[in-house]
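Here is work_37.pdb, consisting of PDB, C-alpha atoms and all ligand atoms:
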```pdb
MODEL        1
ATOM      1  CA  MET A 144     125.778 121.699  95.859  1.00  0.00           C
ATOM      2  CA  ARG A 145     122.157 120.627  95.562  1.00  0.00           C
ATOM      3  CA  LYS A 146     120.781 120.101  92.075  1.00  0.00           C
ATOM      4  CA  LYS A 147     117.576 122.075  91.676  1.00  0.00           C
ATOM      5  CA  LEU A 148     114.359 120.201  90.845  1.00  0.00           C
ATOM      6  CA  ILE A 149     111.701 121.901  88.728  1.00  0.00           C
ATOM      7  CA  ALA A 150     108.563 119.752  88.678  1.00  0.00           C
ATOM      8  CA  GLY A 151     105.221 120.322  86.981  1.00  0.00           C
ATOM      9  CA  ASN A 152     102.203 118.972  88.844  1.00  0.00           C
ATOM     10  CA  TRP A 153      99.519 118.661  86.186  1.00  0.00           C
ATOM     11  CA  LYS A 154      96.886 117.767  88.817  1.00  0.00           C
ATOM     12  CA  MET A 155      93.603 116.517  87.267  1.00  0.00           C
ATOM     13  CA  HIS A 156      94.190 118.188  83.908  1.00  0.00           C
ATOM     14  CA  LYS A 157      94.711 116.842  80.389  1.00  0.00           C
ATOM     15  CA  THR A 158      93.239 113.842  78.625  1.00  0.00           C
ATOM     16  CA  ILE A 159      95.803 111.436  77.181  1.00  0.00           C
ATOM     17  CA  ALA A 160      95.702 113.209  73.809  1.00  0.00           C
ATOM     18  CA  GLU A 161      96.115 116.604  75.453  1.00  0.00           C
ATOM     19  CA  ALA A 162      98.908 115.343  77.687  1.00  0.00           C
ATOM     20  CA  VAL A 163     100.817 113.946  74.703  1.00  0.00           C
ATOM     21  CA  ALA A 164     100.420 117.264  72.881  1.00  0.00           C
ATOM     22  CA  LEU A 165     101.750 119.079  75.951  1.00  0.00           C
ATOM     23  CA  ILE A 166     104.809 116.858  76.390  1.00  0.00           C
ATOM     24  CA  ASP A 167     105.609 117.150  72.681  1.00  0.00           C
ATOM     25  CA  ALA A 168     105.366 120.939  72.875  1.00  0.00           C
ATOM     26  CA  LEU A 169     107.416 120.953  76.052  1.00  0.00           C
ATOM     27  CA  HIS A 170     110.112 118.796  74.508  1.00  0.00           C
ATOM     28  CA  ALA A 171     110.301 121.227  71.572  1.00  0.00           C
ATOM     29  CA  ALA A 172     110.483 124.208  73.953  1.00  0.00           C
ATOM     30  CA  LEU A 173     113.010 122.526  76.259  1.00  0.00           C
ATOM     31  CA  PRO A 174     115.318 120.323  74.183  1.00  0.00           C
ATOM     32  CA  PHE A 175     118.005 120.443  76.874  1.00  0.00           C
ATOM     33  CA  VAL A 176     118.402 121.755  80.415  1.00  0.00           C
ATOM     34  CA  PRO A 177     121.480 123.034  82.235  1.00  0.00           C
ATOM     35  CA  ALA A 178     123.360 120.414  84.261  1.00  0.00           C
ATOM     36  CA  ASP A 179     122.520 122.130  87.559  1.00  0.00           C
ATOM     37  CA  ARG A 180     118.849 121.162  87.483  1.00  0.00           C
ATOM     38  CA  ASP A 181     116.393 118.307  86.952  1.00  0.00           C
ATOM     39  CA  VAL A 182     113.083 118.883  85.186  1.00  0.00           C
ATOM     40  CA  VAL A 183     110.115 116.568  85.723  1.00  0.00           C
ATOM     41  CA  VAL A 184     106.430 116.445  84.792  1.00  0.00           C
ATOM     42  CA  CYS A 185     103.779 114.671  86.858  1.00  0.00           C
ATOM     43  CA  PRO A 186     100.767 113.863  84.642  1.00  0.00           C
ATOM     44  CA  THR A 187      97.625 111.969  85.635  1.00  0.00           C
ATOM     45  CA  PHE A 188      97.852 108.190  86.061  1.00  0.00           C
ATOM     46  CA  THR A 189      96.014 107.576  82.778  1.00  0.00           C
ATOM     47  CA  ALA A 190      98.487 109.661  80.773  1.00  0.00           C
ATOM     48  CA  LEU A 191     101.698 108.361  82.395  1.00  0.00           C
ATOM     49  CA  SER A 192     102.353 105.439  80.020  1.00  0.00           C
ATOM     50  CA  SER A 193     101.763 107.542  76.914  1.00  0.00           C
ATOM     51  CA  ILE A 194     104.033 110.294  78.216  1.00  0.00           C
ATOM     52  CA  ALA A 195     106.708 107.726  79.110  1.00  0.00           C
ATOM     53  CA  ALA A 196     106.678 106.452  75.527  1.00  0.00           C
ATOM     54  CA  ARG A 197     107.244 109.914  73.949  1.00  0.00           C
ATOM     55  CA  PRO A 198     110.650 111.386  73.170  1.00  0.00           C
ATOM     56  CA  ARG A 199     111.204 113.734  76.092  1.00  0.00           C
ATOM     57  CA  GLY A 200     114.890 114.610  76.016  1.00  0.00           C
ATOM     58  CA  PRO A 201     115.911 115.651  79.517  1.00  0.00           C
ATOM     59  CA  ILE A 202     112.391 115.752  80.972  1.00  0.00           C
ATOM     60  CA  GLY A 203     111.724 113.089  83.603  1.00  0.00           C
ATOM     61  CA  ILE A 204     108.388 111.814  84.834  1.00  0.00           C
ATOM     62  CA  GLY A 205     106.719 111.494  88.187  1.00  0.00           C
ATOM     63  CA  ALA A 206     103.312 110.547  89.593  1.00  0.00           C
ATOM     64  CA  GLN A 207     100.943 112.581  91.736  1.00  0.00           C
ATOM     65  CA  ASN A 208      99.962 109.931  94.260  1.00  0.00           C
ATOM     66  CA  VAL A 209     100.494 106.287  95.244  1.00  0.00           C
ATOM     67  CA  TYR A 210      99.130 103.662  97.624  1.00  0.00           C
ATOM     68  CA  PRO A 211     101.670 102.318 100.126  1.00  0.00           C
ATOM     69  CA  GLU A 212     101.162  98.586  99.507  1.00  0.00           C
ATOM     70  CA  SER A 213     102.788  96.382  96.880  1.00  0.00           C
ATOM     71  CA  HIS A 214      99.560  94.711  95.642  1.00  0.00           C
ATOM     72  CA  GLY A 215      96.235  93.423  96.879  1.00  0.00           C
ATOM     73  CA  ALA A 216      92.584  94.243  97.338  1.00  0.00           C
ATOM     74  CA  PHE A 217      92.856  98.032  97.211  1.00  0.00           C
ATOM     75  CA  THR A 218      90.288  98.945  94.574  1.00  0.00           C
ATOM     76  CA  GLY A 219      91.192 102.028  92.600  1.00  0.00           C
ATOM     77  CA  GLU A 220      94.733 102.354  93.935  1.00  0.00           C
ATOM     78  CA  ILE A 221      98.156 102.202  92.240  1.00  0.00           C
ATOM     79  CA  SER A 222     101.275 100.619  93.765  1.00  0.00           C
ATOM     80  CA  PRO A 223     104.827 102.015  93.833  1.00  0.00           C
ATOM     81  CA  ALA A 224     106.104  99.156  91.622  1.00  0.00           C
ATOM     82  CA  MET A 225     103.502 100.033  88.959  1.00  0.00           C
ATOM     83  CA  LEU A 226     104.815 103.593  88.852  1.00  0.00           C
ATOM     84  CA  ALA A 227     108.465 102.509  88.831  1.00  0.00           C
ATOM     85  CA  GLU A 228     107.688 100.130  85.959  1.00  0.00           C
ATOM     86  CA  ILE A 229     106.399 103.039  83.855  1.00  0.00           C
ATOM     87  CA  GLY A 230     109.606 104.942  84.493  1.00  0.00           C
ATOM     88  CA  CYS A 231     108.610 107.358  87.233  1.00  0.00           C
ATOM     89  CA  ALA A 232     111.523 108.700  89.233  1.00  0.00           C
ATOM     90  CA  TYR A 233     109.409 110.777  91.636  1.00  0.00           C
ATOM     91  CA  VAL A 234     106.041 110.532  93.346  1.00  0.00           C
ATOM     92  CA  ILE A 235     104.286 113.498  94.949  1.00  0.00           C
ATOM     93  CA  VAL A 236     102.877 112.489  98.332  1.00  0.00           C
ATOM     94  CA  GLY A 237     100.765 114.439 100.785  1.00  0.00           C
ATOM     95  CA  HIS A 238      99.843 117.309  98.510  1.00  0.00           C
ATOM     96  CA  SER A 239      97.715 119.808 100.451  1.00  0.00           C
ATOM     97  CA  GLU A 240      94.759 118.996  98.200  1.00  0.00           C
ATOM     98  CA  ARG A 241      94.999 115.366  99.301  1.00  0.00           C
ATOM     99  CA  ARG A 242      95.524 116.321 102.939  1.00  0.00           C
ATOM    100  CA  ALA A 243      92.435 118.573 102.817  1.00  0.00           C
ATOM    101  CA  MET A 244      90.079 116.643 100.513  1.00  0.00           C
ATOM    102  CA  PHE A 245      91.068 113.050 101.203  1.00  0.00           C
ATOM    103  CA  GLY A 246      92.049 113.353 104.852  1.00  0.00           C
ATOM    104  CA  GLU A 247      95.654 112.210 104.442  1.00  0.00           C
ATOM    105  CA  SER A 248      97.566 112.304 107.722  1.00  0.00           C
ATOM    106  CA  ASP A 249     101.287 112.749 108.313  1.00  0.00           C
ATOM    107  CA  ALA A 250     101.501 109.073 109.355  1.00  0.00           C
ATOM    108  CA  PHE A 251      99.857 107.898 106.118  1.00  0.00           C
ATOM    109  CA  ILE A 252     102.096 110.197 104.078  1.00  0.00           C
ATOM    110  CA  ALA A 253     105.170 108.776 105.853  1.00  0.00           C
ATOM    111  CA  LYS A 254     104.004 105.286 104.869  1.00  0.00           C
ATOM    112  CA  LYS A 255     103.610 106.370 101.265  1.00  0.00           C
ATOM    113  CA  ALA A 256     107.051 108.005 101.250  1.00  0.00           C
ATOM    114  CA  ALA A 257     108.640 104.827 102.657  1.00  0.00           C
ATOM    115  CA  ALA A 258     106.928 102.706  99.991  1.00  0.00           C
ATOM    116  CA  VAL A 259     108.101 105.066  97.240  1.00  0.00           C
ATOM    117  CA  LEU A 260     111.693 104.853  98.509  1.00  0.00           C
ATOM    118  CA  ALA A 261     111.499 101.069  98.746  1.00  0.00           C
ATOM    119  CA  ALA A 262     110.536 100.976  95.055  1.00  0.00           C
ATOM    120  CA  GLY A 263     113.616 103.019  94.121  1.00  0.00           C
ATOM    121  CA  MET A 264     111.885 106.373  93.521  1.00  0.00           C
ATOM    122  CA  SER A 265     112.013 109.663  95.400  1.00  0.00           C
ATOM    123  CA  PRO A 266     108.971 110.966  97.232  1.00  0.00           C
ATOM    124  CA  ILE A 267     108.172 114.669  96.935  1.00  0.00           C
ATOM    125  CA  ILE A 268     106.614 115.239 100.358  1.00  0.00           C
ATOM    126  CA  CYS A 269     104.379 118.322 100.439  1.00  0.00           C
ATOM    127  CA  VAL A 270     103.927 120.505 103.491  1.00  0.00           C
ATOM    128  CA  GLY A 271     102.407 123.936 103.991  1.00  0.00           C
ATOM    129  CA  GLU A 272     100.239 126.057 106.253  1.00  0.00           C
ATOM    130  CA  THR A 273      96.773 127.452 105.590  1.00  0.00           C
ATOM    131  CA  LYS A 274      95.999 131.181 105.538  1.00  0.00           C
ATOM    132  CA  GLN A 275      94.406 130.923 108.968  1.00  0.00           C
ATOM    133  CA  GLU A 276      97.443 129.138 110.406  1.00  0.00           C
ATOM    134  CA  ARG A 277      99.733 131.825 109.004  1.00  0.00           C
ATOM    135  CA  GLU A 278      97.571 134.675 110.279  1.00  0.00           C
ATOM    136  CA  SER A 279      97.504 133.184 113.757  1.00  0.00           C
ATOM    137  CA  GLY A 280     101.307 132.960 113.847  1.00  0.00           C
ATOM    138  CA  ARG A 281     101.424 129.175 113.660  1.00  0.00           C
ATOM    139  CA  ALA A 282     102.863 128.732 110.154  1.00  0.00           C
ATOM    140  CA  GLN A 283     106.269 127.505 111.228  1.00  0.00           C
ATOM    141  CA  SER A 284     105.089 125.132 113.939  1.00  0.00           C
ATOM    142  CA  VAL A 285     102.490 123.616 111.584  1.00  0.00           C
ATOM    143  CA  VAL A 286     104.983 123.134 108.765  1.00  0.00           C
ATOM    144  CA  LEU A 287     107.749 121.734 110.950  1.00  0.00           C
ATOM    145  CA  GLY A 288     105.241 119.369 112.548  1.00  0.00           C
ATOM    146  CA  GLN A 289     104.255 118.130 109.093  1.00  0.00           C
ATOM    147  CA  VAL A 290     107.920 117.678 108.158  1.00  0.00           C
ATOM    148  CA  ALA A 291     108.681 115.619 111.261  1.00  0.00           C
ATOM    149  CA  GLY A 292     105.460 113.597 111.030  1.00  0.00           C
ATOM    150  CA  SER A 293     105.794 112.859 107.311  1.00  0.00           C
ATOM    151  CA  LEU A 294     109.402 111.714 107.757  1.00  0.00           C
ATOM    152  CA  ALA A 295     108.744 109.385 110.699  1.00  0.00           C
ATOM    153  CA  GLY A 296     110.835 106.263 110.184  1.00  0.00           C
ATOM    154  CA  LEU A 297     112.746 107.766 107.245  1.00  0.00           C
ATOM    155  CA  GLU A 298     115.528 109.401 109.265  1.00  0.00           C
ATOM    156  CA  GLY A 299     118.206 107.348 107.491  1.00  0.00           C
ATOM    157  CA  ARG A 300     116.875 108.009 103.998  1.00  0.00           C
ATOM    158  CA  LEU A 301     116.681 111.788 103.979  1.00  0.00           C
ATOM    159  CA  GLU A 302     118.904 112.431 101.003  1.00  0.00           C
ATOM    160  CA  ASP A 303     116.549 110.578  98.650  1.00  0.00           C
ATOM    161  CA  VAL A 304     113.583 112.618  99.817  1.00  0.00           C
ATOM    162  CA  VAL A 305     112.380 115.908  98.345  1.00  0.00           C
ATOM    163  CA  ILE A 306     110.323 118.314 100.462  1.00  0.00           C
ATOM    164  CA  ALA A 307     107.945 120.735  98.752  1.00  0.00           C
ATOM    165  CA  TYR A 308     106.935 123.739 100.846  1.00  0.00           C
ATOM    166  CA  GLU A 309     103.616 124.877  99.430  1.00  0.00           C
ATOM    167  CA  PRO A 310     101.728 127.421 101.521  1.00  0.00           C
ATOM    168  CA  VAL A 311      98.080 126.506 100.959  1.00  0.00           C
ATOM    169  CA  TRP A 312      97.046 130.164 100.585  1.00  0.00           C
ATOM    170  CA  ALA A 313      99.472 130.534  97.663  1.00  0.00           C
ATOM    171  CA  ILE A 314      98.215 127.559  95.644  1.00  0.00           C
ATOM    172  CA  GLY A 315      96.223 128.555  92.594  1.00  0.00           C
ATOM    173  CA  THR A 316      95.545 132.000  94.011  1.00  0.00           C
ATOM    174  CA  GLY A 317      98.181 134.103  92.266  1.00  0.00           C
ATOM    175  CA  LEU A 318      99.498 134.989  95.738  1.00  0.00           C
ATOM    176  CA  THR A 319     103.103 133.933  96.284  1.00  0.00           C
ATOM    177  CA  ALA A 320     105.151 134.027  99.433  1.00  0.00           C
ATOM    178  CA  THR A 321     107.805 136.691  99.006  1.00  0.00           C
ATOM    179  CA  ALA A 322     111.177 135.201  98.218  1.00  0.00           C
ATOM    180  CA  ALA A 323     112.363 136.355 101.652  1.00  0.00           C
ATOM    181  CA  ASP A 324     109.411 134.751 103.501  1.00  0.00           C
ATOM    182  CA  ALA A 325     109.832 131.534 101.537  1.00  0.00           C
ATOM    183  CA  GLN A 326     113.560 131.483 102.319  1.00  0.00           C
ATOM    184  CA  THR A 327     112.819 131.950 106.030  1.00  0.00           C
ATOM    185  CA  MET A 328     110.514 128.915 106.012  1.00  0.00           C
ATOM    186  CA  HIS A 329     112.933 126.853 103.915  1.00  0.00           C
ATOM    187  CA  ALA A 330     115.772 127.608 106.344  1.00  0.00           C
ATOM    188  CA  ALA A 331     113.536 126.548 109.249  1.00  0.00           C
ATOM    189  CA  ILE A 332     112.673 123.319 107.404  1.00  0.00           C
ATOM    190  CA  ARG A 333     116.369 122.654 106.798  1.00  0.00           C
ATOM    191  CA  ALA A 334     117.105 123.195 110.497  1.00  0.00           C
ATOM    192  CA  GLU A 335     114.366 120.674 111.321  1.00  0.00           C
ATOM    193  CA  LEU A 336     115.870 118.225 108.802  1.00  0.00           C
ATOM    194  CA  ARG A 337     119.250 118.654 110.523  1.00  0.00           C
ATOM    195  CA  ARG A 338     117.638 117.825 113.847  1.00  0.00           C
ATOM    196  CA  ILE A 339     116.035 114.727 112.300  1.00  0.00           C
ATOM    197  CA  GLY A 340     118.831 113.452 110.082  1.00  0.00           C
ATOM    198  CA  GLY A 341     122.034 115.382 110.757  1.00  0.00           C
ATOM    199  CA  ALA A 342     124.369 116.220 107.896  1.00  0.00           C
ATOM    200  CA  ALA A 343     122.106 114.579 105.280  1.00  0.00           C
ATOM    201  CA  ALA A 344     119.887 117.650 105.627  1.00  0.00           C
ATOM    202  CA  GLU A 345     122.340 119.606 103.474  1.00  0.00           C
ATOM    203  CA  ARG A 346     121.579 117.290 100.564  1.00  0.00           C
ATOM    204  CA  VAL A 347     117.776 117.384 100.802  1.00  0.00           C
ATOM    205  CA  ARG A 348     116.123 119.405  98.095  1.00  0.00           C
ATOM    206  CA  ILE A 349     113.401 121.714  99.358  1.00  0.00           C
ATOM    207  CA  GLN A 350     111.119 122.978  96.599  1.00  0.00           C
ATOM    208  CA  TYR A 351     108.829 125.979  96.816  1.00  0.00           C
ATOM    209  CA  GLY A 352     105.323 125.741  95.360  1.00  0.00           C
ATOM    210  CA  GLY A 353     102.372 128.114  95.141  1.00  0.00           C
ATOM    211  CA  SER A 354     101.754 130.365  92.136  1.00  0.00           C
ATOM    212  CA  VAL A 355     105.282 129.984  90.783  1.00  0.00           C
ATOM    213  CA  LYS A 356     105.404 131.793  87.451  1.00  0.00           C
ATOM    214  CA  ALA A 357     107.905 133.032  84.897  1.00  0.00           C
ATOM    215  CA  ASP A 358     107.990 136.429  86.564  1.00  0.00           C
ATOM    216  CA  ASN A 359     108.758 135.279  90.123  1.00  0.00           C
ATOM    217  CA  VAL A 360     110.823 132.124  89.589  1.00  0.00           C
ATOM    218  CA  ASP A 361     114.219 133.817  89.215  1.00  0.00           C
ATOM    219  CA  GLU A 362     114.030 135.547  92.591  1.00  0.00           C
ATOM    220  CA  LEU A 363     112.735 132.422  94.340  1.00  0.00           C
ATOM    221  CA  MET A 364     115.459 130.206  92.879  1.00  0.00           C
ATOM    222  CA  ALA A 365     118.148 132.677  93.949  1.00  0.00           C
ATOM    223  CA  GLN A 366     117.441 131.961  97.646  1.00  0.00           C
ATOM    224  CA  PRO A 367     120.023 129.740  99.329  1.00  0.00           C
ATOM    225  CA  ASP A 368     117.576 127.161 100.714  1.00  0.00           C
ATOM    226  CA  ILE A 369     115.135 127.049  97.798  1.00  0.00           C
ATOM    227  CA  ASP A 370     116.162 124.080  95.688  1.00  0.00           C
ATOM    228  CA  GLY A 371     113.495 124.033  93.035  1.00  0.00           C
ATOM    229  CA  ALA A 372     109.834 124.591  92.315  1.00  0.00           C
ATOM    230  CA  LEU A 373     106.652 122.526  92.280  1.00  0.00           C
ATOM    231  CA  VAL A 374     104.534 124.234  89.658  1.00  0.00           C
ATOM    232  CA  GLY A 375     100.786 123.803  89.153  1.00  0.00           C
ATOM    233  CA  GLY A 376      98.870 126.027  86.750  1.00  0.00           C
ATOM    234  CA  ALA A 377     101.915 127.441  84.990  1.00  0.00           C
ATOM    235  CA  ALA A 378     103.106 123.910  84.173  1.00  0.00           C
ATOM    236  CA  LEU A 379     100.148 123.391  81.822  1.00  0.00           C
ATOM    237  CA  VAL A 380     101.519 125.727  79.129  1.00  0.00           C
ATOM    238  CA  ALA A 381     104.682 124.525  77.390  1.00  0.00           C
ATOM    239  CA  GLU A 382     106.372 127.884  76.831  1.00  0.00           C
ATOM    240  CA  GLY A 383     105.605 129.068  80.358  1.00  0.00           C
ATOM    241  CA  PHE A 384     106.931 125.909  81.990  1.00  0.00           C
ATOM    242  CA  ALA A 385     110.016 125.970  79.744  1.00  0.00           C
ATOM    243  CA  ARG A 386     110.696 129.523  80.885  1.00  0.00           C
ATOM    244  CA  ILE A 387     110.363 128.469  84.528  1.00  0.00           C
ATOM    245  CA  ALA A 388     112.686 125.497  83.945  1.00  0.00           C
ATOM    246  CA  ASN A 389     115.156 127.929  82.374  1.00  0.00           C
ATOM    247  CA  TYR A 390     115.137 130.192  85.454  1.00  0.00           C
ATOM    248  CA  ARG A 391     118.288 132.263  85.749  1.00  0.00           C
TER     249      ARG A 391
HETATM  250  P1  LIG B 401      99.858 126.568  91.446  1.00  0.00           P
HETATM  251  O1  LIG B 401     101.226 126.709  90.814  1.00  0.00           O
HETATM  252  O2  LIG B 401      98.760 126.470  90.445  1.00  0.00           O
HETATM  253  O3  LIG B 401      99.625 127.601  92.503  1.00  0.00           O
HETATM  254  O4  LIG B 401      99.844 125.140  92.194  1.00  0.00           O
HETATM  255  C1  LIG B 401     100.893 124.822  93.045  1.00  0.00           C
HETATM  256  C2  LIG B 401     100.766 123.389  93.422  1.00  0.00           C
HETATM  257  O5  LIG B 401      99.869 122.996  94.142  1.00  0.00           O
HETATM  258  C3  LIG B 401     101.764 122.456  92.880  1.00  0.00           C
HETATM  259  O6  LIG B 401     101.703 121.221  93.513  1.00  0.00           O
ENDMDL
END
```

What does the file become when written as structure tokens?
Amino acid sequence: MRKKLIAGNWKMHKTIAEAVALIDALHAALPFVPADRDVVVCPTFTALSSIAARPRGPIGIGAQNVYPESHGAFTGEISPAMLAEIGCAYVIVGHSERRAMFGESDAFIAKKAAAVLAAGMSPIICVGETKQERESGRAQSVVLGQVAGSLAGLEGRLEDVVIAYEPVWAIGTGLTATAADAQTMHAAIRAELRRIGGAAAERVRIQYGGSVKADNVDELMAQPDIDGALVGGAALVAEGFARIANYR
């Protein structure tokens, strides 16, 4: 039985003061979570330490990005050990915004994921097709290619990895894949994970992301291969995120 993972990706939102107010409100709205799920928030780098120092009950923390070296002349970057030191358990890598705006390749994402694992955290590796790729019938081949490429060299570590399937056309648009379409892609991803890593594939959590909201989360989470959600906009409001974390 896979434990579901509900994660809030705060993206580039919230000053430190605003982030602290949000985690306090979230803690009040979500004082405990059922044992069958993990709940995590991923604030900006600047807010991470302040969030880590707040009472958070069952809510864990993660980061949104990392650089895959332990230290050195990498101006502006943050190492895995720095994130582990703060108390991060997860690091999002290869979000579609980073793939599109910062040119991150599957090979670079695989390096980041390996560095995150080496520091004792779990990478949340994001994959997903664009609208054009879906409309031209290439969604599955694109996504499975990203899965294989982003896991290169990590075949023996699959169970500590989280995959987030986030169709690009569903991010921030209010459009969501239907639960059935999402399940179809998740099952295809799991089959690819089986090809890559054998039986460990059954233990890999595959999150869905893209306009997850209180009114669609229950149906998405009821699908057999959907093991959680990576939530953007709806994670910025405490009551809304608490409702998502309390999916039925
Ligand atoms: P939205 O929930 O705002 O569509 O964002 C999804 C996302 O990109 C999470 O990483």

Exercise for the section: Find the spatial neighbours of Arg348 (chain A), counting only C-alpha atoms, within a cut-off of 8 Å - ignore same-chain residues fewer than 3 positions away - and output them as a ChimeraX atom specification. Expected result: /A:145-148,304-306,369-371

Box dimensions and centre (Å, one decimal) enclosing ligand LIG 401 (chain B), axis-aligned, 5 Å extra per side, as JSON:
```
{"center_x": 100.3, "center_y": 124.4, "center_z": 92.3, "size_x": 13.0, "size_y": 16.4, "size_z": 13.7}
```

Handout entry: Close residues to ligand LIG 401 (chain B) using all atoms listed in the file, limit 7 Å, as a PyMOL selection string
Key = chain A and resi 152+238+309+313-317+352-355+373-377

Practice task
I need the residue set behind the PyMOL selection byres (((chain A and resi 281-285) around 12) and not hetatm) for this file; please write it as a VMD selection string.
Solution key: chain A and resid 249 270 to 280 286 to 292 308 to 312 324 to 325 327 to 332 334 to 335

Tell me which protein, DNA and RNA residues are within 12 Å of Val184 (chain A), counting all atoms listed in the file, leaving out same-chain ones fewer than 4 positions away, and put them as an mmCIF file with C-alpha atoms, keeping the file's coordinate frame.
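Okay, this is what ended up in part_8.cif:
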```cif
data_model
loop_
_atom_site.group_PDB
_atom_site.id
_atom_site.type_symbol
_atom_site.label_atom_id
_atom_site.label_comp_id
_atom_site.auth_asym_id
_atom_site.auth_seq_id
_atom_site.Cartn_x
_atom_site.Cartn_y
_atom_site.Cartn_z
ATOM 1 C CA LEU A 148 114.359 120.201 90.845
ATOM 2 C CA ILE A 149 111.701 121.901 88.728
ATOM 3 C CA ALA A 150 108.563 119.752 88.678
ATOM 4 C CA GLY A 151 105.221 120.322 86.981
ATOM 5 C CA ASN A 152 102.203 118.972 88.844
ATOM 6 C CA TRP A 153 99.519 118.661 86.186
ATOM 7 C CA LYS A 154 96.886 117.767 88.817
ATOM 8 C CA ALA A 162 98.908 115.343 77.687
ATOM 9 C CA VAL A 163 100.817 113.946 74.703
ATOM 10 C CA LEU A 165 101.750 119.079 75.951
ATOM 11 C CA ILE A 166 104.809 116.858 76.390
ATOM 12 C CA LEU A 169 107.416 120.953 76.052
ATOM 13 C CA HIS A 170 110.112 118.796 74.508
ATOM 14 C CA PHE A 188 97.852 108.190 86.061
ATOM 15 C CA ALA A 190 98.487 109.661 80.773
ATOM 16 C CA LEU A 191 101.698 108.361 82.395
ATOM 17 C CA ILE A 194 104.033 110.294 78.216
ATOM 18 C CA ALA A 195 106.708 107.726 79.110
ATOM 19 C CA ARG A 199 111.204 113.734 76.092
ATOM 20 C CA PRO A 201 115.911 115.651 79.517
ATOM 21 C CA ILE A 202 112.391 115.752 80.972
ATOM 22 C CA GLY A 203 111.724 113.089 83.603
ATOM 23 C CA ILE A 204 108.388 111.814 84.834
ATOM 24 C CA GLY A 205 106.719 111.494 88.187
ATOM 25 C CA ALA A 206 103.312 110.547 89.593
ATOM 26 C CA GLN A 207 100.943 112.581 91.736
ATOM 27 C CA GLY A 230 109.606 104.942 84.493
ATOM 28 C CA CYS A 231 108.610 107.358 87.233
ATOM 29 C CA ALA A 232 111.523 108.700 89.233
ATOM 30 C CA TYR A 233 109.409 110.777 91.636
ATOM 31 C CA VAL A 234 106.041 110.532 93.346
ATOM 32 C CA ILE A 235 104.286 113.498 94.949
ATOM 33 C CA ALA A 372 109.834 124.591 92.315
ATOM 34 C CA LEU A 373 106.652 122.526 92.280
ATOM 35 C CA VAL A 374 104.534 124.234 89.658
ATOM 36 C CA GLY A 375 100.786 123.803 89.153
ATOM 37 C CA ALA A 377 101.915 127.441 84.990
ATOM 38 C CA ALA A 378 103.106 123.910 84.173
ATOM 39 C CA LEU A 379 100.148 123.391 81.822
ATOM 40 C CA VAL A 380 101.519 125.727 79.129
ATOM 41 C CA ALA A 381 104.682 124.525 77.390
ATOM 42 C CA PHE A 384 106.931 125.909 81.990
ATOM 43 C CA ALA A 385 110.016 125.970 79.744
ATOM 44 C CA ALA A 388 112.686 125.497 83.945
#
```

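This file, filtered with the PyMOL selection byres (((chain A and resi 213) around 6) and not hetatm), gives the residues Glu212, His214 and Ser222 of chain A.
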
Practice task
Mind checking which residues fall within 12 Å of Ala253 (chain A), counting all atoms listed in the file, ignoring those fewer than 2 positions away in the same chain, and posting them as a PyMOL selection string?
Solution key: chain A and resi 209-211+235-237+247-251+255-260+266-269+289-298+300+304

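Computed from the coordinates, the CA of Ala196 (chain A) to CA of Thr218 (chain A) distance equals 26.2 Å.
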
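For the pair CA of Pro174 (chain A) and CA of Asn208 (chain A), the interatomic distance is 27.3 Å.
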